[in-house]
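> Please find one structure pasted underneath; my questions will follow.
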Amino acid sequence: MFVIGLSTRLFKPLALWLAFPLAFSLAPPLALPLRIALFLLCFAPIATYASQLSFDKTVTPDDIQFKYRWLDSEGMEQTIAFSLPNSALKVAPTTQANYKPEIAQRYVTVSLLKEAKKVDPREAVVSVTHENDAVNIKVKSTKPNKADQILFQLKDVQRTAYSDYLDKHYYTRFTTLFNQQAVKPDHLRYVAQTFESLRPISEAFYDKIGRIENNRAYLQLLLSWVQSIPYDTLEDRVASNGSGFAPPLGLLMQNRGDCDSKAVLTGALVRAFLPSTNIIMVFLPHHALLGVAINATSEDEKLDVEGKTYVLFDPTGPALIPFGDISEDTKRYISTGRYQVEHID
């Protein structure tokens, strides 16, 4: 008794090839077109999809232990196990708070009212109100230039308070491709604050490839693992208010994440493995991927940014897209300039 192991890439061509006798048995008007179609399909590119076979998480008084089994792009079963100290959960939030403009305004208003109380009522009268979902500041004074001076100070307090609110909740300002002023989770900050605590994961993958100095082997194995983690859809980075984003440690704990979440986790793990290599996050309107400045091959999908060449790769899944390749939709966005780049420090 013996078993023949077949890569998932072979299943479809084999099935089509076995279907040829059926095509020949059909009446002549139907047989020829069907035979031609089957022949062409045998050589068409076939997408393979990520499959997480098992996920196990054990929380102890000292650490959290993770174990995974999954199929890589060749249909081979892979396993990885690692543990993270409980202290790792304290380096950054494990959940991303939703951005709510009304709460942000309330935070800013409280700061402004505190500052307004410091103004001598004999010099000026200050009014802080909400109008049309915005904070409105009015200052009246009988003294020349006094109103403008106080208003300038209060506007500065307003800007500082808003920045402080965003910082406390791991948000940052950004401008979309359509010149919208928006707010999104601070992806780069999550990478910077978590990559050291995620080093045990990086080490586990380095051990898995035999600790050989082969960046591609590491990145390909890491990529198939992240792609196999169950996927949550990112509907709209602006409209979602960050509600779908899972920080790296939160993604690991819940074993689920959207494209932004997976890109941030992968970016942190690549930074842990390659501490001095240039890495970028590439944002499309509804998608995110990564680029790393390592030696490229002629087959790699690449992006030139500020004089450096980055090999592109997409950790999202569920499609098992190899390192150095991207989907056709992503290629179209990039070829038409519909993308934004952020550099991972």
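Residue numbers start at 1 in each chain; chains themselves are named A, B, ... in the order of the structure tokens; ligands are numbered from 1 in the order shown.
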From range 87-335 of chain A, collect each residue whose DSSP state is strand (DSSP E or B) and return the set as number ranges by chain.

A: 125-131, 134-140, 171-175, 181-185, 231, 257, 279-284, 287-292, 302-305, 308-313, 319

> DSSP on the backbone, helix (DSSP H, G or I) only: what residues of range 175-253 of chain A does that give? Format it as a count of residues only.

38

> For Ala204 in chain A, which residue out of A:Gln254, A:Thr129, A:Thr60, A:Ser83 is the nearest one, using only C-alpha atoms?

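Going through A:Gln254, A:Thr129, A:Thr60, A:Ser83 one by one, the smallest distance to Ala204 in chain A is for A:Ser83.
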
> Which range 78-166 of chain A residues have any atom within 10 Å of an atom of range 197-201 of chain A, and for each, what is the nearest pair of atoms with distance in Å to one decimal, counting only C-alpha atoms, rows sorted by chain and number, as JSON lines?


```
{"residue": "A:Ile80", "atom": "CA", "partner": "A:Ile201", "partner_atom": "CA", "distance": 8.9}
{"residue": "A:Ala81", "atom": "CA", "partner": "A:Ile201", "partner_atom": "CA", "distance": 8.2}
{"residue": "A:Phe82", "atom": "CA", "partner": "A:Ile201", "partner_atom": "CA", "distance": 6.0}
{"residue": "A:Ser83", "atom": "CA", "partner": "A:Pro200", "partner_atom": "CA", "distance": 7.0}
{"residue": "A:Leu84", "atom": "CA", "partner": "A:Pro200", "partner_atom": "CA", "distance": 6.8}
{"residue": "A:Pro85", "atom": "CA", "partner": "A:Ser197", "partner_atom": "CA", "distance": 8.3}
{"residue": "A:Ser87", "atom": "CA", "partner": "A:Ser197", "partner_atom": "CA", "distance": 8.5}
{"residue": "A:Ala88", "atom": "CA", "partner": "A:Ser197", "partner_atom": "CA", "distance": 5.4}
{"residue": "A:Leu89", "atom": "CA", "partner": "A:Ser197", "partner_atom": "CA", "distance": 8.6}
{"residue": "A:Lys90", "atom": "CA", "partner": "A:Ser197", "partner_atom": "CA", "distance": 9.7}
{"residue": "A:Val91", "atom": "CA", "partner": "A:Ser197", "partner_atom": "CA", "distance": 7.7}
{"residue": "A:Ala92", "atom": "CA", "partner": "A:Ser197", "partner_atom": "CA", "distance": 9.9}
```

> Name all residues at most 12 Å from Cys259 in chain A (count only C-alpha atoms; drop same-chain ones fewer than 6 positions away) and give them as number ranges by chain.

A: 187, 226-227, 229-237, 244-248, 251, 265-267, 281-290, 314-318

> Using only C-alpha atoms, find the one residue out of A:Val59, A:Ile137, A:Val264, A:Val270 that sits nearest to Pro185 in chain A.

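Selected residue with least distance to Pro185 in chain A: A:Val264.
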
> Within 9 Å of Leu303 in chain A, counting only C-alpha atoms, which residues qualify if same-chain residues fewer than 5 places away don't, as a list in words?

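With the cut-off at 9 Å, the set is Gly291, Lys308, Thr309, Tyr310, Val311, Leu312 and Ile334 of chain A.
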
> How would the residues just picked look written out with N, CA, C and O atoms as a tab-separated table (two decimals), in the first residue's frame?


```
chain	number	residue	atom	x	y	z
A	291	GLY	N	6.39	46.05	1.50
A	291	GLY	CA	7.54	45.96	0.62
A	291	GLY	C	8.81	45.95	1.45
A	291	GLY	O	8.88	46.61	2.49
A	308	LYS	N	14.97	53.66	-3.70
A	308	LYS	CA	15.17	52.28	-3.26
A	308	LYS	C	14.12	51.38	-3.91
A	308	LYS	O	12.99	51.80	-4.15
A	309	THR	N	14.52	50.14	-4.16
A	309	THR	CA	13.62	49.16	-4.75
A	309	THR	C	13.13	48.20	-3.68
A	309	THR	O	13.92	47.61	-2.94
A	310	TYR	N	11.81	48.06	-3.61
A	310	TYR	CA	11.18	47.22	-2.61
A	310	TYR	C	10.49	46.04	-3.29
A	310	TYR	O	9.74	46.24	-4.26
A	311	VAL	N	10.73	44.83	-2.79
A	311	VAL	CA	10.01	43.65	-3.25
A	311	VAL	C	8.69	43.60	-2.50
A	311	VAL	O	8.65	43.68	-1.27
A	312	LEU	N	7.59	43.50	-3.25
A	312	LEU	CA	6.25	43.55	-2.66
A	312	LEU	C	5.78	42.17	-2.23
A	312	LEU	O	6.11	41.16	-2.85
A	334	ILE	N	-1.46	49.86	-8.27
A	334	ILE	CA	-0.11	50.40	-8.19
A	334	ILE	C	0.33	50.98	-9.53
A	334	ILE	O	0.95	52.05	-9.59
```

> Let me make sure I understand: among A:Leu320, A:Ala124, A:Leu252, A:Leu53, which one has the smallest atom-to-atom distance to Ser224 in chain A if we use only C-alpha atoms?

A:Leu320
